[in-house]
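Colleague: Got a structure for you, questions after.
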Amino acid sequence: MNVFLFYLFSGIILICSLLTITTRKILRAAVYLLCVLLATAGLYFMLNYQFMAAVQLTLYAGGIVVLIIFSILLTSHISHRFKHPDLVKLIMGVSTAVVGAGLVIATLLSHSFQAGSAPELPVDMTVIGTQLLSTEKNGYVLPFELISILLLAAMIAAIVIAKKDKNKNSEI
Amino acid sequence: MIQGIPLEHFLIVSTIMFFIGVCGFIIRRNLITMLMAIELILNSVNINFVVFNRYLYPDQLQGHFFSLFIVGIAAAEASVAIALIINIYRKLQNIDVENVNELRF
C-alpha cells in the first residue's frame with residue numbers, strides 16, 4: 001500500500017511538473033503546479049511529518065497558488081496561448097536539464113547512504129514548538145527571528161512596490 | 001521511513017523535478033511561468049531536506065526546520081515578485097521577459 005502510494009505521488013509530481021512547464025495556457029500551468037504541491041504534501045504525510053505537510057498545504061497550495069492565480073487574472077488574457085519557444089532556447093534548456101539530471105543521478109547512485117539507526121523522534125507540536133523557540137542545543141530561535149523580520153520586510157516591500165502612483169494616472 | 005522504498009527513489013524524483021524547473025526557467029518567457037518554475041525548484045529542494053532528515057538522522061529535526069524556513073522564504077519571495085510583476089504590467093502592458101530590459105524608476 002505504502003509503496004503503491006509513493007509511486008502514485010511520484011508519478012503525479014513528475015507528470016504534472018512536466019506539464020507545468022510545457023502547457024501553453026497559463027492558468028492550466030497554475031493548476032498543474034497546484035497538483036504538484038498537493039502530491040508533495042502527500043509525500044510528507046507518508047514520511048510522518050504531519051506539521052510540515054500541513055504547512056505545505058496551507059502556505060504553498062493555499063497561499064502561493066492563490067496569489068499566482070490572482071496575478072494571472074490581473075495580467076493576462078485567459079484564452080491567450082503562448083508561442084512556441086525558440087528552437088535554440090529549447091535545445092539549450094532541454095540539454096541543460098538532461099545533462100544536469102544525468103550527472104546528479106549518476107553521482108547519487110554511486111554514493112552509498114548509511115541509514116540512521118537511531119529511533120525515530122515523534123514529531124508532534126510540543127517538540128516542534130520547544131525546538132523552534134529554544135536557545136539551547138537543537139534550538140532554532142535565531143532563524144525564527146530572522147524569518148519574522150524577513151516576512152515583515154517582504155510585506156512592506158510588496159505594499160510599497162504594488163501601490164499605485166498618485167501623481168501619474170495610469171489607466172489600469 | 002517508509003518500508004520498502006529506498007532513499008534513492010526519493011532523491012531521483014526530486015532531482016528530476018529540480019531539473020524540470022531549471023528547464024522551464026530557461027525556455028519560458030512569461031514572468032509568472034518563470035516564477036512557477038522557481039517554485040518547482042524550491043519544492044524539490046524541500047523534499048530533499050525532509051527525506052534526508054527522515055532516513056539518515058531520524059532522531060533530529062534539522063531538515064524539517066530548514067524546509068519550514070524555505071517555505072516561509074518562498075512565500076516572501078512570491079509576494080514581492082508578484083508585486084513587481086503587477087507593477088511591470090502597469091508600465092509595459094505585458095509581462096514578457098524580453099521587454100523588461102530597462103530598470104528605470
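How things are named: the first chain in the C-alpha cells is A, the next is B, and so on; residues count from 1 in each chain; ligands count from 1 in the order shown.
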At a cut-off of 7 Å, which residues of chain A touch chain B? Count only C-alpha atoms and give the answer as a ChimeraX atom specification.
Modeller: /A:3,10,14,17-18,21,47,52,64,71,75,85,89-90,93-94,97,101,105,114-116,118-121,151,154,157-158,161-162,172
Colleague: So that I have them on file, write out the residues from the current selection with C-alpha atoms, as a short mmCIF file (atom, residue, chain, number, x, y, z; two decimals), in the first residue's frame.
Modeller:
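Contents of part_7.cif, freshly written:
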data_model
loop_
_atom_site.label_atom_id
_atom_site.label_comp_id
_atom_site.auth_asym_id
_atom_site.auth_seq_id
_atom_site.Cartn_x
_atom_site.Cartn_y
_atom_site.Cartn_z
CA VAL A 3 4.82 1.54 -1.98
CA SER A 10 5.87 10.44 -7.59
CA LEU A 14 6.76 14.19 -12.36
CA SER A 17 5.67 19.33 -13.18
CA LEU A 18 6.45 18.45 -16.80
CA ILE A 21 6.40 23.99 -17.99
CA LEU A 47 7.02 10.33 5.92
CA MET A 52 5.30 20.00 7.50
CA ILE A 64 1.16 30.94 -3.13
CA SER A 71 -1.78 37.77 -10.65
CA THR A 75 -2.12 40.44 -16.03
CA PRO A 85 9.80 28.86 -27.62
CA LYS A 89 16.41 28.19 -26.35
CA LEU A 90 14.53 24.89 -26.33
CA GLY A 93 17.11 24.27 -21.84
CA VAL A 94 16.44 20.61 -22.50
CA ALA A 97 18.23 19.67 -17.81
CA ALA A 101 19.89 15.40 -14.15
CA ILE A 105 21.55 10.88 -10.61
CA GLN A 114 24.00 4.83 5.50
CA ALA A 115 20.59 4.91 7.04
CA GLY A 116 20.50 6.19 10.59
CA ALA A 118 18.59 5.88 15.91
CA PRO A 119 14.95 5.55 16.96
CA GLU A 120 12.57 7.88 15.23
CA LEU A 121 11.74 11.07 17.08
CA LEU A 151 8.43 38.41 6.31
CA ALA A 154 8.63 41.46 2.33
CA ALA A 157 8.10 45.95 0.20
CA ALA A 158 5.17 44.31 -1.60
CA ILE A 161 6.00 48.33 -4.86
CA ALA A 162 2.44 47.49 -5.86
CA ILE A 172 -5.02 50.19 -15.18
#
Colleague: My list of candidates is A:Val104, A:Leu132, A:Leu152, A:Met125. Which is closest to Phe51 in chain A when distances are computed with only C-alpha atoms?
Modeller: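 Closest residue, counting only C-alpha atoms: A:Met125.
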Colleague: Contacts of range 4-9 of chain A at 9 Å or less, counting only C-alpha atoms, minus same-chain residues fewer than 2 places along, as number ranges by chain?
Modeller: A: 1-2, 11-14, 36, 39-40, 42-43, 46; B: 2, 5
Colleague: Could you dump the residues just selected with C-alpha atoms as a tab-separated table (two decimals), in the first residue's frame?
Modeller:
chain	number	residue	atom	x	y	z
A	1	MET	CA	0.00	0.00	0.00
A	2	ASN	CA	2.71	2.44	1.02
A	11	GLY	CA	4.09	9.92	-10.89
A	12	ILE	CA	1.75	12.83	-10.20
A	13	ILE	CA	4.72	15.03	-9.26
A	14	LEU	CA	6.76	14.19	-12.36
A	36	VAL	CA	2.49	19.05	-7.79
A	39	ALA	CA	1.28	15.44	-4.16
A	40	THR	CA	4.33	16.74	-2.30
A	42	GLY	CA	1.09	13.63	0.39
A	43	LEU	CA	4.73	12.55	0.43
A	46	MET	CA	3.74	9.40	4.23
B	2	ILE	CA	8.69	4.11	4.56
B	5	ILE	CA	11.28	2.35	-0.54
